[in-house]
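Enquirer: The structure file start.cif (mmCIF, C-alpha atoms) is provided below.
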data_final
#
loop_
_atom_site.label_atom_id
_atom_site.label_comp_id
_atom_site.auth_asym_id
_atom_site.auth_seq_id
_atom_site.Cartn_x
_atom_site.Cartn_y
_atom_site.Cartn_z
CA MET A 1161 141.28 -22.39 238.91
CA LYS A 1162 139.94 -23.54 235.58
CA THR A 1163 136.84 -22.29 233.81
CA CYS A 1164 134.92 -24.84 231.80
CA PRO A 1165 134.64 -23.58 228.18
CA ASN A 1166 131.41 -25.55 227.77
CA CYS A 1167 129.26 -24.49 230.75
CA GLY A 1168 131.41 -21.83 232.45
CA ALA A 1169 131.71 -23.71 235.75
CA LYS A 1170 134.75 -23.06 237.97
CA MET A 1171 136.94 -26.08 238.68
CA GLY A 1172 140.08 -26.72 240.66
CA ALA A 1173 143.46 -26.67 238.96
CA ASP A 1174 143.89 -30.48 239.30
CA VAL A 1175 140.44 -31.33 237.80
CA ASN A 1176 140.66 -32.81 234.29
CA PHE A 1177 136.98 -33.18 233.49
CA CYS A 1178 134.20 -30.76 234.30
CA THR A 1179 132.13 -32.08 237.17
CA ASN A 1180 129.14 -30.16 235.91
CA CYS A 1181 128.91 -31.09 232.23
CA GLY A 1182 131.74 -33.65 231.84
CA ALA A 1183 133.75 -31.64 229.27
CA ASP A 1184 137.50 -32.26 228.89
CA ILE A 1185 139.32 -29.39 230.59
CA ARG A 1186 142.83 -30.85 230.67
CA ASN A 1187 144.08 -28.35 228.12
CA VAL A 1188 142.28 -25.40 229.66
CA THR A 1189 144.66 -22.77 231.00
CA LEU A 1190 144.43 -21.75 234.62
CA ASP A 1191 142.83 -18.46 235.71
CA LYS A 1192 145.32 -15.78 236.67
CA ALA A 1193 143.53 -14.51 239.84
CA GLY A 1194 143.38 -16.70 242.90
CA ASN A 1195 145.25 -19.71 241.49
CA GLU A 1196 147.76 -19.87 244.30
CA ALA A 1197 145.15 -19.62 247.08
CA GLN A 1198 142.69 -22.05 245.61
CA ALA A 1199 145.01 -24.60 244.06
CA THR A 1200 145.47 -26.51 247.32
CA GLN A 1201 141.75 -26.45 248.23
CA PRO A 1202 139.77 -29.42 246.98
CA VAL A 1203 136.74 -28.52 245.03
CA ALA A 1204 133.72 -30.53 245.98
CA PRO A 1205 131.75 -31.69 243.00
CA GLU A 1206 128.42 -30.08 242.63
CA GLN A 1207 125.54 -32.24 243.61
CA PRO A 1208 122.92 -32.75 240.97
CA LYS A 1209 119.69 -31.04 241.74
CA VAL A 1210 116.96 -33.41 242.69
CA LYS A 1211 113.44 -32.34 242.13
CA SER A 1212 111.23 -32.77 245.08
CA SER A 1213 108.60 -35.40 244.59
CA VAL A 1214 106.26 -33.58 246.95
CA SER A 1215 104.30 -30.97 245.03
CA GLU A 1216 102.86 -27.87 246.59
CA PRO A 1217 99.22 -28.23 247.55
CA LYS A 1218 96.87 -26.66 245.10
CA PRO A 1219 94.41 -24.12 246.49
CA THR A 1220 91.01 -25.59 247.03
CA ARG A 1221 87.77 -23.95 245.99
CA ARG A 1222 87.06 -23.00 249.57
CA SER A 1223 90.41 -21.20 249.96
CA GLN A 1224 89.95 -19.45 246.62
CA HIS A 1225 86.47 -18.39 247.67
CA ALA A 1226 87.85 -17.05 250.96
CA GLN A 1227 90.51 -15.03 249.15
CA VAL A 1228 87.91 -13.55 246.83
CA ASN A 1229 85.65 -12.70 249.76
CA ASN A 1230 88.49 -10.99 251.63
CA GLN A 1231 88.91 -8.36 248.92
CA PRO A 1232 85.44 -6.77 249.27
CA VAL A 1233 85.81 -6.82 253.05
CA ASP A 1234 89.08 -4.93 252.80
CA SER A 1235 87.58 -2.40 250.37
CA VAL A 1236 84.56 -1.90 252.64
CA GLN A 1237 86.82 -1.34 255.63
CA SER A 1238 88.93 1.18 253.73
CA SER A 1239 85.83 3.02 252.50
CA ASN A 1240 84.47 3.11 256.05
CA GLN A 1241 87.76 4.54 257.28
CA ASN A 1242 87.68 7.20 254.56
CA ALA A 1243 84.10 8.05 255.47
CA ASN A 1244 85.03 8.38 259.14
CA VAL A 1245 87.96 10.64 258.27
CA GLN A 1246 85.77 12.84 256.08
CA SER A 1247 83.01 13.08 258.69
CA ALA A 1248 85.59 14.00 261.34
CA ALA A 1249 86.99 16.72 259.06
CA VAL A 1250 83.51 18.12 258.38
CA SER A 1251 82.70 18.07 262.09
CA GLU A 1252 85.91 19.93 262.84
CA LYS A 1253 85.13 22.59 260.23
CA VAL A 1254 81.61 23.08 261.59
CA THR A 1255 82.96 23.40 265.14
CA ASN A 1256 85.58 25.94 264.05
CA MET A 1257 83.00 27.99 262.17
CA TRP A 1258 80.65 27.97 265.15
CA GLN A 1259 83.49 29.17 267.36
CA TRP A 1260 84.12 31.95 264.84
CA PHE A 1261 80.49 33.02 265.16
CA VAL A 1262 80.66 33.00 268.95
CA ASP A 1263 83.87 35.05 269.00
CA SER A 1264 82.42 37.58 266.55
CA TRP A 1265 79.25 37.93 268.63
CA LYS A 1266 81.31 38.66 271.72
CA HIS A 1267 83.73 41.06 270.02
CA PRO A 1268 82.34 42.16 266.62
CA PHE A 1269 85.15 44.54 265.71
CA THR A 1270 88.02 42.17 266.44
CA THR A 1271 89.48 39.88 263.78
CA PRO A 1272 89.07 36.26 264.92
CA THR A 1273 90.91 33.49 263.13
CA ALA A 1274 88.78 32.21 260.27
CA GLU A 1275 88.95 30.23 257.07
CA LYS A 1276 88.84 32.35 253.95
CA TRP A 1277 85.44 31.00 252.90
CA TYR A 1278 83.60 31.79 256.16
CA GLY A 1279 82.50 35.28 255.13
CA TRP A 1280 81.13 34.48 251.66
CA VAL A 1281 79.39 31.33 252.84
CA THR A 1282 77.74 33.23 255.69
CA LEU A 1283 76.44 35.95 253.37
CA LEU A 1284 75.16 33.41 250.87
CA VAL A 1285 73.37 31.32 253.51
CA GLU A 1286 71.77 34.40 255.07
CA ASN A 1287 70.26 35.51 251.77
CA VAL A 1288 69.18 31.98 250.89
CA LEU A 1289 67.37 31.76 254.23
CA LEU A 1290 65.58 35.04 253.55
CA ILE A 1291 64.46 34.09 250.04
CA LEU A 1292 63.52 30.56 251.07
CA GLY A 1293 61.45 31.89 253.97
CA LEU A 1294 59.64 34.31 251.66
CA TYR A 1295 58.99 31.51 249.16
CA ILE A 1296 57.49 29.24 251.81
CA CYS A 1297 55.43 32.12 253.18
CA VAL A 1298 54.03 33.04 249.76
CA ASN A 1299 53.18 29.43 248.95
CA LYS A 1300 51.41 28.96 252.24
CA TYR A 1301 49.50 32.25 251.96
CA THR A 1302 48.45 31.52 248.36
CA GLN A 1303 47.24 28.04 249.24
CA ASP A 1304 45.30 29.33 252.27
CA GLN A 1305 43.63 32.13 250.33
CA ILE A 1306 42.77 30.67 246.93
CA GLY A 1307 43.56 26.98 247.22
CA ASN A 1308 39.97 26.05 247.95
CA SER A 1309 38.24 28.91 246.13
CA ASP A 1310 36.47 28.99 242.77
CA ILE A 1311 39.45 30.55 241.02
CA GLY A 1312 41.00 27.14 240.77
CA GLU A 1313 44.42 25.61 240.58
CA ALA A 1314 45.42 27.48 237.41
CA ALA A 1315 45.36 30.86 239.13
CA GLU A 1316 47.31 29.44 242.04
CA ASN A 1317 50.01 28.16 239.69
CA VAL A 1318 50.21 31.54 237.94
CA ILE A 1319 50.72 33.36 241.22
CA LEU A 1320 53.28 30.87 242.46
CA ASN A 1321 55.28 31.07 239.22
CA PHE A 1322 55.20 34.86 239.41
CA SER A 1323 56.34 34.86 243.04
CA THR A 1324 59.13 32.37 242.25
CA SER A 1325 60.59 34.52 239.48
CA LEU A 1326 60.15 37.64 241.61
CA LEU A 1327 61.98 36.11 244.58
CA PHE A 1328 64.79 34.88 242.34
CA GLU A 1329 65.25 38.42 241.02
CA LEU A 1330 65.22 39.72 244.59
CA PHE A 1331 67.95 37.23 245.45
CA LEU A 1332 70.08 38.41 242.52
CA TYR A 1333 69.48 42.02 243.52
CA LEU A 1334 70.66 41.39 247.09
CA ILE A 1335 73.74 39.43 246.01
CA LEU A 1336 74.80 42.03 243.43
CA THR A 1337 74.26 44.85 245.94
CA ILE A 1338 76.38 43.06 248.55
CA VAL A 1339 79.16 42.36 246.04
CA ALA A 1340 79.17 46.00 244.91
CA MET A 1341 79.30 47.29 248.50
CA ILE A 1342 82.19 45.00 249.39
CA ALA A 1343 84.10 45.92 246.23
CA VAL A 1344 83.76 49.67 246.77
CA ALA A 1345 84.60 49.30 250.47
CA TYR A 1346 87.72 47.31 249.55
CA TYR A 1347 89.03 50.02 247.24
CA ALA A 1348 87.96 52.80 249.60
CA HIS A 1349 89.90 51.10 252.38
CA LYS A 1350 92.95 50.96 250.12
CA PHE A 1351 92.43 54.63 249.24
CA VAL A 1352 92.35 55.67 252.90
CA TYR A 1353 95.19 53.53 254.26
CA GLY A 1354 97.36 53.11 251.18
CA HIS A 1355 97.18 49.32 251.36
CA THR A 1356 94.72 46.62 252.24
CA GLU A 1357 94.53 42.91 252.87
CA ASN A 1358 93.40 39.94 250.83
CA ILE A 1359 89.82 40.36 249.56
CA LEU A 1360 88.62 37.18 251.31
CA ASP A 1361 90.12 38.28 254.63
CA PHE A 1362 88.52 41.69 254.11
CA VAL A 1363 85.12 40.03 253.62
CA ASN A 1364 85.66 38.00 256.79
CA ARG A 1365 86.26 41.21 258.73
CA ILE A 1366 83.04 42.78 257.45
CA VAL A 1367 80.96 39.67 258.10
CA SER A 1368 82.53 39.19 261.53
CA CYS A 1369 81.58 42.75 262.40
CA SER A 1370 77.97 42.15 261.25
CA ASN A 1371 77.54 38.57 262.44
CA LEU A 1372 74.69 39.56 264.75
CA SER A 1373 72.65 39.71 261.56
CA ALA A 1374 72.95 35.91 261.28
CA ILE A 1375 70.79 35.57 264.41
CA LEU A 1376 68.26 38.00 262.96
CA TYR A 1377 68.11 36.11 259.66
CA VAL A 1378 67.46 32.82 261.45
CA ILE A 1379 64.65 34.34 263.54
CA SER A 1380 63.22 36.01 260.43
CA PHE A 1381 63.27 32.68 258.58
CA ILE A 1382 61.37 30.97 261.41
CA CYS A 1383 58.77 33.75 261.43
CA LEU A 1384 58.33 33.57 257.65
CA ILE A 1385 57.82 29.83 257.51
CA ILE A 1386 55.19 30.11 260.26
CA GLY A 1387 53.45 32.49 257.90
CA SER A 1388 50.94 34.14 260.23
CA GLU A 1389 50.29 37.86 259.98
CA ASP A 1390 51.82 38.58 263.37
CA MET A 1391 54.93 36.60 262.49
CA LEU A 1392 55.30 38.51 259.23
CA LYS A 1393 55.26 41.77 261.17
CA ILE A 1394 58.24 40.44 263.12
CA GLY A 1395 60.15 38.56 260.41
CA LEU A 1396 60.32 41.21 257.69
CA PRO A 1397 61.55 44.05 259.96
CA LEU A 1398 64.20 41.73 261.42
CA ALA A 1399 65.50 41.01 257.91
CA GLY A 1400 65.65 44.76 257.27
CA ILE A 1401 67.59 45.35 260.49
CA ALA A 1402 70.05 42.61 259.49
CA MET A 1403 70.70 44.41 256.18
CA ILE A 1404 71.27 47.67 258.05
CA LEU A 1405 73.80 45.93 260.32
CA PHE A 1406 75.73 44.72 257.30
CA THR A 1407 75.80 48.25 255.85
CA LEU A 1408 77.05 49.70 259.14
CA ALA A 1409 79.75 47.00 259.29
CA VAL A 1410 80.98 48.04 255.84
CA TYR A 1411 81.24 51.66 256.99
CA ALA A 1412 82.95 50.68 260.24
CA ILE A 1413 85.65 48.62 258.54
CA VAL A 1414 86.49 51.51 256.20
CA VAL A 1415 86.79 54.23 258.86
CA GLY A 1416 87.51 52.22 262.01
CA ASP A 1417 90.83 50.62 261.14
CA ASN A 1418 93.68 51.36 263.58
CA ALA A 1419 96.26 51.56 260.79
CA PRO A 1420 97.66 55.02 260.02
CA ALA A 1421 95.63 56.73 257.32
CA VAL A 1422 97.25 58.39 254.31
CA GLN A 1423 93.95 60.01 253.25
CA ASP A 1424 91.17 61.46 255.36
CA LYS A 1425 88.72 58.76 256.45
CA PHE A 1426 85.76 61.01 255.72
CA TYR A 1427 86.47 60.81 251.99
CA GLY A 1428 86.74 57.03 252.13
CA LEU A 1429 83.33 56.86 253.80
CA LEU A 1430 81.93 59.36 251.31
CA ILE A 1431 83.12 57.20 248.40
CA VAL A 1432 81.41 54.14 249.86
CA VAL A 1433 78.10 55.94 250.49
CA VAL A 1434 77.95 57.62 247.09
CA VAL A 1435 78.82 54.49 245.13
CA GLN A 1436 76.39 52.46 247.22
CA VAL A 1437 73.54 54.84 246.41
CA ILE A 1438 74.41 54.82 242.70
CA VAL A 1439 74.62 51.02 242.56
CA MET A 1440 71.34 50.56 244.42
CA TYR A 1441 69.66 53.04 242.10
CA ILE A 1442 70.93 51.35 238.94
CA LEU A 1443 70.10 47.84 240.14
CA GLY A 1444 66.73 49.05 241.40
CA ARG A 1445 65.88 50.46 237.98
CA ILE A 1446 66.96 47.27 236.22
CA PHE A 1447 65.11 44.87 238.49
CA GLY A 1448 62.20 47.28 238.90
CA ASN A 1449 61.63 47.34 235.15
CA ALA A 1450 61.86 43.55 235.05
CA VAL A 1451 59.28 43.22 237.83
CA TYR A 1452 57.01 45.80 236.18
CA GLY A 1453 57.11 43.82 232.93
CA GLN A 1454 56.27 40.63 234.79
CA VAL A 1455 53.32 42.32 236.51
CA GLN A 1456 51.98 43.47 233.15
CA ASP A 1457 52.33 39.96 231.74
CA LEU A 1458 50.53 38.59 234.79
CA ILE A 1459 47.64 41.04 234.32
CA HIS A 1460 47.35 40.30 230.61
CA SER A 1461 47.39 36.56 231.16
CA SER A 1462 44.78 36.88 233.90
CA PHE A 1463 42.45 38.89 231.63
CA ASN A 1464 42.94 36.41 228.82
CA ASN A 1465 42.01 33.54 231.10
CA MET A 1466 38.91 35.36 232.36
CA PHE A 1467 37.56 36.31 228.94
#
Could you rewrite the structure in this file as C-alpha cells?
Expert:
Amino acid sequence: MKTCPNCGAKMGADVNFCTNCGADIRNVTLDKAGNEAQATQPVAPEQPKVKSSVSEPKPTRRSQHAQVNNQPVDSVQSSNQNANVQSAAVSEKVTNMWQWFVDSWKHPFTTPTAEKWYGWVTLLVENVLLILGLYICVNKYTQDQIGNSDIGEAAENVILNFSTSLLFELFLYLILTIVAMIAVAYYAHKFVYGHTENILDFVNRIVSCSNLSAILYVISFICLIIGSEDMLKIGLPLAGIAMILFTLAVYAIVVGDNAPAVQDKFYGLLIVVVVQVIVMYILGRIFGNAVYGQVQDLIHSSFNNMF
C-alpha cells in the first residue's frame, strides 16, 4: 500500500493519484507491511461526506421549560427519600432504646445490648426532667401566690430569676456528683478486678442496673408539673428514691461482678463510698456558698425595693 504524503490516506499499490486529496503518489514508495496481501485487493475510493440538509430540531420553549421544571421535582424527590431514610433510622434507634429499657427493667443486673450513648443520654434526660419539673412547679406556685397580690410583678420576677439560677446550680451539682461517682466506681472496679471495660459500656451497665429510676423520674415530673401540695409530697420523694437507686447500682456494679477479683471487694466498695462522701461534701460547700450569697443578694435587693 501507499501512504499519501499530503493527507496521510492509505491507497492501493496501483493508485497513482490520491483519491482523498488528489496528490500525485506515483513516486511514493510502497509500505513494507501488508503489501503482498493488499496489492491484489481493489481499494474503493472514499466517498465524499455529504452534509445532511435536515437539521436537528431546536428545543422549543415548552420543552426547555419542562426540562427546567424536572430538576426541582427530582431534587424534591431525593430530599423526600433522604427524609424518609432519616426518619426510619431515628424510629429504629428509638425502638432499640425502648427495648433496652424493657430488658433492663426485667433483668436489671444483666448486660443487654446497647448503643454506647444510651447510658449518658438516660442520665441527662432524667436530671433535665427533674429540674424542668421543679422550674414549672416554682413558676406555677409563684404565680398562684403573688401573681395577683399587691407585691406586684417586680417581686414575682425577682423570685423567678432567683429560682432559675438556683435550679441551674442544682442541675450542675447533680451532674458533677454523678460524673464523680461513675469515675470513682470505674477506677474502683479496675482496682478490684485488675481490668475493666470501656467507660461508656461501664456507664451503660450502671444505668441498666438503675433503670427503674427512669420510671420514678417520669412520675415525679408529672407530679411536679401538676404542682399541687399533695403531688409535691409524692413527686419529691420519688426523685429522692431514684437517686438512691442510682447509688445502689454503682455499688452493685463494683462488688457484684462475676469476674475473679484480684483485690477484696470490700475495699473497692469502701473506696467508692469514701470518695463519694468527700465529693458530695466539697460540691455541697461550693454550691451552698453560692446559694447563700444569692439569698443575701435577694434579701438586700428586696429591702432596697421596699425602702
Enquirer: Within 10 Å of Gln1423 of chain A, counting all atoms listed in the file, which residues show up once you throw out same-chain ones fewer than 5 positions away? Write them as a VMD selection string, please.
Expert: chain A and resid 1349 to 1354 1428
Enquirer: Write out as a list in words which residues come within 12 Å of Ile1401 of chain A when counting all atoms listed in the file, dropping same-chain ones fewer than 5 positions away.
Expert: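 Within the cut-off, the hits are Ser1370, Leu1372, Ser1373, Ala1374, Ile1375, Leu1376, Tyr1377, Ile1379, Ser1380, Ile1394, Gly1395, Leu1396, Phe1406, Thr1407 and Leu1408 of chain A.
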Enquirer: Could you list, as a ChimeraX atom specification, every residue within 9 Å of segment 1329-1346 of chain A, counting only C-alpha atoms and ignoring same-chain residues fewer than 3 positions away?
Expert: /A:1283-1284,1287-1288,1290-1291,1324-1326,1349-1351,1356-1357,1359,1362-1363,1366,1406-1407,1410-1411,1413-1414,1428-1429,1431-1433,1435-1436,1439-1440,1443-1444,1447,1450-1451
Enquirer: Mind pulling up the distance from atom CA of Thr1255 of chain A to atom CA of Asn1240 of chain A?
Expert: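 Answer for the atom CA of Asn1240 of chain A to atom CA of Thr1255 of chain A separation: 22.3 Å.
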Enquirer: For this structure, which residues satisfy the selection - the PyMOL selection byres ((chain A and resi 1185) around 8) - when it is evaluated on the file as given? I want them as a ChimeraX atom specification.
Expert: /A:1162,1164-1165,1175-1178,1183-1184,1186-1188
Enquirer: Please expand the PyMOL selection byres ((chain A and resi 1273-1281) around 10) into the concrete residues it hits in this file, giving the result as a VMD selection string.
Expert: chain A and resid 1253 1256 to 1257 1259 to 1261 1263 1270 to 1272 1282 to 1286 1339 1358 to 1368 1371
Enquirer: So how many Å separate atom CA of Ala1421 of chain A and atom CA of His1355 of chain A, to one decimal?
Expert: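 Pair atom CA of Ala1421 of chain A / atom CA of His1355 of chain A returns 9.6 Å.
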Enquirer: Quick one: pull the distance between atom CA of Lys1266 of chain A and atom CA of Met1403 of chain A, Å, one decimal.
Expert: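 These two atoms are separated by 19.7 Å.
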Enquirer: Let me make sure I understand: among A:Ala1173, A:Leu1320, A:Ala1412, A:Met1161, which one has the smallest atom-to-atom distance to Phe1269 of chain A if we use all atoms listed in the file?
Expert: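 Under the stated criterion, the closest residue is A:Ala1412.
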